[in-house]
Structure formats: C-alpha cells, structure tokens
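Engineer: Handing you this structure, nothing more for now.
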Amino acid sequence: MGKYDFDKVIDRHGSGALKVDALSEFFGRQDLKGLWVADMDFAVSPRIQEVLVERMRHPIYGYGAVSPTYWQSITDWLWHRHGWQVSREELTYIPGVVKGIAYAVNFFSRPGDKIVIQPPVYHPFKMVIEGNGRVVANNPLICRGDSYEMDIDGLEHIFAEEHPTMMILCNPHNPIGIQWDEDTLRRVGELACRYGVTVVSDEIHGDLVLYGKPHYPFASVSEEAARVAVTLGAPSKTFNIAGLVSSWVVVKNKKLREPFYAWLAANEFDSPTFIATIATEAAYRYGEDWLDECLAYIEGSIDETAAIISDTMPGLRMIRPAASFLAWLDCRGLGLDHDSLQDLFINKAHLALNDGAMFGTEGTGFMRLNLGSPRCIIREALSSLALSLAPVHADRRP
C-alpha cells in the first residue's frame with residue numbers, strides 16, 4: 001500500500017456532487033451507483049486541501065492577484081511531465097476547457113463555418129459547434145477489433161472538399177482513451193497547415209496516460225502542428241479538482257495568439273479566481289506523487305475490470321484505455337437495442353454510466369464506464385451487472 005488510500009470510500013451525497021446528487025435528473029432514479037460523469041471518487045492530494053484551507057482562514061475573499069509562480073508552475077509541469085517547452089507569453093488562463101473551446105469557436109470561426117470532430121467523441125464538442133451556429137463535419141474514427149484509428153484519408157477529403165475553418169481534436173481521446181501517436185498527430189498537423197485549418201486540441205486527459213506511456217501534446221510534434229494549434233489543458237481531471245474551474249490555453253503561433261489573447265482579456269475571460277490559482281499551483285508543485293499512485297491504482301482497476309468482464313460477461317467487451325480512468329464498453333454482442341441496453345444498466349443493474357450514443361451515432365451499443373472509484377465499488381457494480389446479464393444470456397441460448 002502506498003502513501004495514499006485510494007480504497008477509502010467517501011460518501012459524496014449531499015455535497016452537491018453532480019455525479020451522485022443529480023442522478024434523478026439525468027437517469028430518472030436516485031438508487032444508482034454513479035459511474036458516469038468524469039470525475040473521480042478519490043480524496044484530493046492533502047497538499048491541495050491544505051493550501052485551500054489555509055487561504056480560506058483569511059477572512060477576506062476579495063479580488064486575487066495572480067502570482068508569477070502560478071504561471072511558472074504550469075510551464076514547469078508541462079516541461080517536466082511532457083517535455084513540452086512553453087513560455088509565459090504563450091500561456092493564459094481560461095475558466096474551463098469546454099468554455100475555452102467555445103471561445104476558440106467564436107473567435108476563429110464564423111456562423112455557418114464547418115468544424116471537424118471525430119466521433120464517437122466527447123459530446124460537448126458537437127453542442128458547442130451547433131449551439132454557436134456552426135456546422136459539424138464528422139470524420140468518424142475507424143474501429144478495428146479492440147482499437148480505433150483516425151481516418152486520415154477521410155480527414156484530408158473533408159479539409160479539401162468541405163473547407164472547414166477548424167478541427168477539434170481530442171488528445172487523448174474521450175471516451176475511448178486513445179493517446180494518439182506522434183505520426184498520426186504529425187499527419188493531422190501537416191494537413192491542417194496545408195488547408196488552413198485551426199486545430200483546437202483538448203488535452204485535459206493528457207496527464208492521465210497509463211502504463212508508462214508518454215503523452216504527445218499536439219503542438220509539440222512538428223512545426224506545422226505548432227503553427228495551427230490552440231491547446232487546452234487543466235489540472236482538473238489530473239488531480240480531481242474539476243469543481244475549482246482552473247484551466248489553461250497555449251498558443252505557439254503569435255499570429256493566432258496575440259489577437260485571441262487580446263480578445264480574451266477584453267472580455268475578462270482570462271481572469272482566474274484566487275481559489276483556482278492557488279489550487280493549480282499546489283497541484284502542479286506538490287501533487288505528482290499523488291498522481292503517480294493514482295495512475296497505478298487506476299491501472300490495477302482497469303486490469304481487474306477487463307478480467308472480470310472477460311470471465312463473467314459473454315457478449316460484453318472492454319476496450320482498454322491508454323489514458324484516463326474511463327473505459328469504453330462494447331455491448332453490441334448482447335443483441336440489445338438502445339432502449340433495452342439502457343434499461344439493463346439503469347433499471348436492472350442499477351448503474352449510471354454514460355450512454356455511448358451521446359458521443360455520436362458511432363457510439364450506439366457502447367457504454368462509458370468511469371473507473372475512478374475505490375475497487376470495492378467497481379467490484380459491486382460489475383457483480384450487479386453480471387447478475388443482470390444472466391437473463392439476457394439465458395434468452396439467447398438455443
């Protein structure tokens with residue numbers, strides 16, 4: 001056992017946690033195990049909690065000055081953790097990655113413009129595009145057995161024939177958990193540069209790469225990628241502090257960066273709260289040992305979950321993630337239609353997972369399982385699912 005106890009069960013009910021206190025709103029019943037929304041059920045690093053408690057003891061919560069050490073903590077982290085050199089002028093604050101995507105959509109494109117996404121993919125991409133009067137151009141991923149790959153030829157066709165102004169890249173990919181390799185990212189950068197497409201790269205899961213593999217920031221793989229990249233990241237998923245709303249954006253290309261950052265500043269979109277800055281700095285300065293233990297724990301949970309599914313749930317497959325604490329479950333082998341699959345998980349197994357169809361039609365027949373919980377919770381959930389599947393398997397026997 002390590003320094004931190006990831007087996008500890010913490011009751012989040014009544015804390016205002018979306019994951020548990022909003023189950024009735026999203027699933028129609030409250031008596032479910034919440035394994036959906038992408039935050040973890042682990043206590044944060046004690047150092048983060050300590051700096052927040054210490055600051056909150058001061059009786060005045062006024063406007064906060066942003067310390068230079070806050071910015072330095074981010075650039076130090078990106079260099080130390082990912083070998084990506086970022087200067088202070090290339091970096092600014094945004095109040096959330098999805099908001100940052102929305103800012104980029106509004107600044108770098110116009111109503112009616114096409115924006116490329118790669119479904120099945122994080123559903124707010126489509127919502128932000130369409131909600132701001134832009135048009136989605138789908139470049140679906142290609143599923144090959146237990147893995148997915150980009151359709152690069154299809155992407156080039158879209159760039160050449162449909163003339164999108166922007167692409168939203170999910171790197172690592174949510175919900176599938178793919179860490180794109182350098183060659184794939186270089187190809188995207190080459191095509192985007194050739195066709196004049198700005199690439200907004202959502203890298204919020206970049207610190208959560210698994211099994212000792214590296215994360216490749218899109219803007220780091222080539223000069224062409226750096227020329228077109230608007231990179232968004234955060235400590236939120238990494239350190240389980242999403243509710244503190246602290247994110248950042250990096251733009252290497254001065255011609256993209258200066259007008260965009262001026263627009264963010266003019267609208268005060270780049271003004272962090274003092275809570276965000278002190279928590280971020282504490283996380284990046286002092287949280288690495290917690291993160292390393294957390295990743296090892298998640299890897300163990302992935303291994304155990306894959307084994308349980310393989311041994312006890314015929315017709316169900318788990319695509320093992322290379323990054324993050326989210327597992328993509330292929331339920332198509334169960335032979336259930338969409339409504340029956342939802343009924344199985346919600347009303348039979350009493351589990352709240354994300355419906356794969358929300359990530360695009362390509363996700364129909366899949367479910368996204370959040371493994372960022374103590375293993376006893378995951379084991380109980382898998383046991384409940386296995387019991388609920390027994391009648392399904394019985395009905396399918398000849």
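Scheme for the structure tokens: letters A, B, ... for chains in order shown; per-chain residue numbers from 1; ligand numbers from 1 in order shown.
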Please list as a ChimeraX atom specification every residue within 10 Å of A:Leu334, counting only C-alpha atoms and excluding residues in the same chain fewer than 5 positions away.
Structural biologist: /A:313-317,341,365,389,392-393,396
Engineer: If you count only C-alpha atoms, which residues fall within 8 Å of stretch 243-253 of chain A, apart from same-chain ones fewer than 4 positions away, as number ranges by chain?
Structural biologist: A: 86, 90-97, 100, 219, 226-236, 257, 272, 275-277, 279-280
Engineer: Could those residues be written to a file, using C-alpha atoms, as a short mmCIF file (atom, residue, chain, number, x, y, z; two decimals), in the first residue's frame?
Structural biologist:
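And here's again_36.cif as it stands now:
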```cif
data_model
loop_
_atom_site.label_atom_id
_atom_site.label_comp_id
_atom_site.auth_asym_id
_atom_site.auth_seq_id
_atom_site.Cartn_x
_atom_site.Cartn_y
_atom_site.Cartn_z
CA VAL A 86 6.04 26.66 -23.16
CA GLU A 90 2.30 31.61 -24.91
CA LEU A 91 0.09 30.76 -21.93
CA THR A 92 -3.07 32.19 -20.42
CA TYR A 93 -5.95 31.17 -18.15
CA ILE A 94 -9.41 30.01 -19.22
CA PRO A 95 -12.33 29.12 -16.91
CA GLY A 96 -12.77 25.56 -18.15
CA VAL A 97 -11.75 23.58 -21.22
CA GLY A 100 -12.13 27.54 -23.92
CA ALA A 219 1.65 21.37 -30.75
CA ALA A 226 2.55 24.29 -33.63
CA ARG A 227 1.54 26.74 -36.35
CA VAL A 228 -2.14 25.73 -36.29
CA ALA A 229 -2.61 24.60 -32.66
CA VAL A 230 -4.71 26.07 -29.88
CA THR A 231 -4.04 23.71 -26.96
CA LEU A 232 -6.33 23.46 -23.94
CA GLY A 233 -5.48 21.69 -20.71
CA ALA A 234 -6.12 21.72 -16.97
CA PRO A 235 -5.21 20.18 -13.63
CA SER A 236 -8.89 19.33 -13.14
CA ARG A 257 -2.17 34.05 -30.14
CA PRO A 272 -8.80 33.48 -12.64
CA ILE A 275 -9.04 29.63 -5.50
CA ALA A 276 -8.16 28.46 -9.00
CA THR A 277 -4.63 29.79 -8.94
CA ALA A 279 -5.08 25.06 -6.10
CA THR A 280 -3.44 24.77 -9.51
#
```
Engineer: Could you tell me which of A:Asp76, A:Asp292, A:Glu258, A:Glu149 comes closest to A:Phe6 if we count only C-alpha atoms?
Structural biologist: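 Using only C-alpha atoms, A:Phe6 sits closest to A:Asp292.
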Engineer: With the cut-off set at 8 Å and counting only C-alpha atoms, tabulate each residue of stretch 204-282 of chain A with an atom at most that distance from an atom of stretch 163-178 of chain A, showing the nearest atom pair and its distance in Å to one decimal, ordered by chain and increasing number, as CSV.
Structural biologist:
```
residue,atom,partner,partner_atom,distance
A:Ile204,CA,A:Pro172,CA,7.9
A:His205,CA,A:Pro172,CA,5.9
A:Gly206,CA,A:Pro172,CA,5.9
A:His215,CA,A:Pro172,CA,7.8
A:Pro217,CA,A:Asn171,CA,7.6
A:Phe218,CA,A:Asn171,CA,7.5
```
Engineer: Selected residues, N, CA and C atoms, written as a compact mmCIF listing (two decimals), in the first residue's frame, please.
Structural biologist:
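After the write, again20.txt holds the following:
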```
# COMPACT_ATOMS: atom_id res chain seq x y z
N ILE A 204 -7.15 17.69 -21.92
CA ILE A 204 -7.47 17.67 -20.49
C ILE A 204 -7.10 16.34 -19.83
N HIS A 205 -7.05 15.25 -20.61
CA HIS A 205 -6.66 13.95 -20.07
C HIS A 205 -5.18 13.64 -20.29
N GLY A 206 -4.41 14.63 -20.73
CA GLY A 206 -3.03 14.39 -21.10
C GLY A 206 -2.12 13.92 -19.98
N HIS A 215 2.54 11.13 -23.10
CA HIS A 215 1.54 11.96 -23.76
C HIS A 215 2.26 12.84 -24.77
N PRO A 217 1.76 16.18 -26.63
CA PRO A 217 0.99 17.39 -26.93
C PRO A 217 1.01 17.64 -28.44
N PHE A 218 -0.15 17.91 -29.01
CA PHE A 218 -0.26 18.09 -30.45
C PHE A 218 0.72 19.14 -30.97
```
Engineer: Could you work out how far atom CA of A:Lys19 lies from atom CA of A:Tyr70, giving the answer in Å with one decimal?
Structural biologist: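 Atom CA of A:Lys19 lies 29.4 Å from atom CA of A:Tyr70.
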Engineer: Write out as a VMD selection string all residues of stretch 176-339 of chain A that DSSP puts in helix (DSSP H, G or I) for this structure's backbone.
Structural biologist: chain A and resid 182 to 195 206 to 208 218 to 220 223 to 228 236 to 239 242 to 244 254 to 266 274 to 286 288 to 312 332 to 334 338 to 339
Engineer: Let's have the selection written as a PDB file, in the first residue's frame, with C-alpha atoms.
Structural biologist:
```pdb
ATOM      1  CA  GLU A 182       3.255  11.144 -32.940  1.00  0.00           C
ATOM      2  CA  ASP A 183       2.933  10.062 -36.578  1.00  0.00           C
ATOM      3  CA  THR A 184      -0.849  10.431 -36.527  1.00  0.00           C
ATOM      4  CA  LEU A 185      -0.626  13.850 -34.891  1.00  0.00           C
ATOM      5  CA  ARG A 186       2.053  14.983 -37.348  1.00  0.00           C
ATOM      6  CA  ARG A 187      -0.192  13.978 -40.242  1.00  0.00           C
ATOM      7  CA  VAL A 188      -3.061  15.995 -38.764  1.00  0.00           C
ATOM      8  CA  GLY A 189      -0.736  18.978 -38.352  1.00  0.00           C
ATOM      9  CA  GLU A 190       0.541  18.672 -41.920  1.00  0.00           C
ATOM     10  CA  LEU A 191      -2.971  18.552 -43.382  1.00  0.00           C
ATOM     11  CA  ALA A 192      -4.299  21.358 -41.177  1.00  0.00           C
ATOM     12  CA  CYS A 193      -1.373  23.568 -42.108  1.00  0.00           C
ATOM     13  CA  ARG A 194      -1.792  22.810 -45.810  1.00  0.00           C
ATOM     14  CA  TYR A 195      -5.518  23.567 -45.846  1.00  0.00           C
ATOM     15  CA  GLY A 206      -3.029  14.391 -21.101  1.00  0.00           C
ATOM     16  CA  ASP A 207      -1.588  13.863 -17.615  1.00  0.00           C
ATOM     17  CA  LEU A 208      -3.515  10.603 -17.223  1.00  0.00           C
ATOM     18  CA  PHE A 218      -0.257  18.087 -30.454  1.00  0.00           C
ATOM     19  CA  ALA A 219       1.647  21.367 -30.750  1.00  0.00           C
ATOM     20  CA  SER A 220       4.909  19.609 -29.847  1.00  0.00           C
ATOM     21  CA  GLU A 223       6.448  22.984 -36.621  1.00  0.00           C
ATOM     22  CA  GLU A 224       3.319  22.618 -38.739  1.00  0.00           C
ATOM     23  CA  ALA A 225       1.269  21.416 -35.783  1.00  0.00           C
ATOM     24  CA  ALA A 226       2.550  24.289 -33.630  1.00  0.00           C
ATOM     25  CA  ARG A 227       1.542  26.742 -36.353  1.00  0.00           C
ATOM     26  CA  VAL A 228      -2.145  25.731 -36.288  1.00  0.00           C
ATOM     27  CA  SER A 236      -8.892  19.328 -13.143  1.00  0.00           C
ATOM     28  CA  LYS A 237      -9.069  15.699 -14.326  1.00  0.00           C
ATOM     29  CA  THR A 238      -5.468  15.073 -13.293  1.00  0.00           C
ATOM     30  CA  PHE A 239      -5.905  15.987  -9.639  1.00  0.00           C
ATOM     31  CA  ALA A 242     -12.790  19.976 -11.651  1.00  0.00           C
ATOM     32  CA  GLY A 243     -15.089  21.976  -9.369  1.00  0.00           C
ATOM     33  CA  LEU A 244     -12.393  24.612  -8.837  1.00  0.00           C
ATOM     34  CA  LYS A 254       1.993  34.602 -32.498  1.00  0.00           C
ATOM     35  CA  LYS A 255      -0.409  35.446 -35.333  1.00  0.00           C
ATOM     36  CA  LEU A 256      -3.089  33.277 -33.742  1.00  0.00           C
ATOM     37  CA  ARG A 257      -2.166  34.053 -30.138  1.00  0.00           C
ATOM     38  CA  GLU A 258      -1.998  37.826 -29.906  1.00  0.00           C
ATOM     39  CA  PRO A 259      -5.465  38.704 -31.267  1.00  0.00           C
ATOM     40  CA  PHE A 260      -7.069  35.752 -29.452  1.00  0.00           C
ATOM     41  CA  TYR A 261      -5.496  36.593 -26.101  1.00  0.00           C
ATOM     42  CA  ALA A 262      -6.372  40.267 -26.551  1.00  0.00           C
ATOM     43  CA  TRP A 263      -9.999  39.270 -27.113  1.00  0.00           C
ATOM     44  CA  LEU A 264      -9.968  37.003 -24.045  1.00  0.00           C
ATOM     45  CA  ALA A 265      -8.528  39.850 -21.961  1.00  0.00           C
ATOM     46  CA  ALA A 266     -11.010  42.410 -23.274  1.00  0.00           C
ATOM     47  CA  PHE A 274      -7.667  33.094  -6.287  1.00  0.00           C
ATOM     48  CA  ILE A 275      -9.042  29.629  -5.497  1.00  0.00           C
ATOM     49  CA  ALA A 276      -8.164  28.455  -9.000  1.00  0.00           C
ATOM     50  CA  THR A 277      -4.627  29.786  -8.943  1.00  0.00           C
ATOM     51  CA  ILE A 278      -3.575  28.527  -5.529  1.00  0.00           C
ATOM     52  CA  ALA A 279      -5.083  25.065  -6.105  1.00  0.00           C
ATOM     53  CA  THR A 280      -3.441  24.774  -9.513  1.00  0.00           C
ATOM     54  CA  GLU A 281      -0.048  25.794  -8.201  1.00  0.00           C
ATOM     55  CA  ALA A 282      -0.301  23.390  -5.264  1.00  0.00           C
ATOM     56  CA  ALA A 283      -1.314  20.556  -7.595  1.00  0.00           C
ATOM     57  CA  TYR A 284       1.495  21.099 -10.076  1.00  0.00           C
ATOM     58  CA  ARG A 285       4.128  21.800  -7.412  1.00  0.00           C
ATOM     59  CA  TYR A 286       3.287  19.121  -4.873  1.00  0.00           C
ATOM     60  CA  GLU A 288       2.983  14.434  -8.588  1.00  0.00           C
ATOM     61  CA  ASP A 289       3.467  11.643  -6.070  1.00  0.00           C
ATOM     62  CA  TRP A 290      -0.306  11.511  -5.528  1.00  0.00           C
ATOM     63  CA  LEU A 291      -0.854  11.365  -9.282  1.00  0.00           C
ATOM     64  CA  ASP A 292       1.654   8.573  -9.791  1.00  0.00           C
ATOM     65  CA  GLU A 293      -0.036   6.450  -7.125  1.00  0.00           C
ATOM     66  CA  CYS A 294      -3.457   7.286  -8.546  1.00  0.00           C
ATOM     67  CA  LEU A 295      -2.434   6.161 -12.035  1.00  0.00           C
ATOM     68  CA  ALA A 296      -1.048   2.894 -10.673  1.00  0.00           C
ATOM     69  CA  TYR A 297      -4.330   2.309  -8.842  1.00  0.00           C
ATOM     70  CA  ILE A 298      -6.353   3.049 -11.985  1.00  0.00           C
ATOM     71  CA  GLU A 299      -4.200   0.632 -13.986  1.00  0.00           C
ATOM     72  CA  GLY A 300      -4.953  -2.081 -11.442  1.00  0.00           C
ATOM     73  CA  SER A 301      -8.668  -1.317 -11.681  1.00  0.00           C
ATOM     74  CA  ILE A 302      -8.557  -1.493 -15.481  1.00  0.00           C
ATOM     75  CA  ASP A 303      -6.770  -4.848 -15.368  1.00  0.00           C
ATOM     76  CA  GLU A 304      -9.216  -6.292 -12.862  1.00  0.00           C
ATOM     77  CA  THR A 305     -12.272  -4.957 -14.691  1.00  0.00           C
ATOM     78  CA  ALA A 306     -11.090  -6.344 -18.025  1.00  0.00           C
ATOM     79  CA  ALA A 307     -10.536  -9.773 -16.431  1.00  0.00           C
ATOM     80  CA  ILE A 308     -13.950  -9.816 -14.732  1.00  0.00           C
ATOM     81  CA  ILE A 309     -15.752  -8.820 -17.922  1.00  0.00           C
ATOM     82  CA  SER A 310     -13.866 -11.386 -19.975  1.00  0.00           C
ATOM     83  CA  ASP A 311     -14.510 -14.177 -17.461  1.00  0.00           C
ATOM     84  CA  THR A 312     -18.120 -13.491 -16.475  1.00  0.00           C
ATOM     85  CA  ARG A 332     -23.235  -4.870 -29.142  1.00  0.00           C
ATOM     86  CA  GLY A 333     -22.634  -8.568 -28.596  1.00  0.00           C
ATOM     87  CA  LEU A 334     -25.551  -8.650 -26.141  1.00  0.00           C
ATOM     88  CA  HIS A 338     -30.704   1.016 -27.414  1.00  0.00           C
ATOM     89  CA  ASP A 339     -33.662   1.236 -25.039  1.00  0.00           C
TER      90      ASP A 339
END
```
Engineer: Could you check how far atom CA of A:Thr75 sits from atom CA of A:Pro46, in Å to one decimal?
Structural biologist: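 Taking atom CA of A:Thr75 and atom CA of A:Pro46, their separation equals 22.5 Å.
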Engineer: What is the distance between atom CA of A:Met318 and atom CA of A:Ile241, in Å to one decimal?
Structural biologist: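 Atom-to-atom, atom CA of A:Met318 to atom CA of A:Ile241, that is 27.1 Å.
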Engineer: Using only C-alpha atoms, which residue out of A:Phe125, A:Phe269, A:Tyr148, A:Phe325 lies closest to A:Leu35?
Structural biologist: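 Between A:Phe125, A:Phe269, A:Tyr148, A:Phe325, the residue approaching A:Leu35 most closely is A:Phe325.
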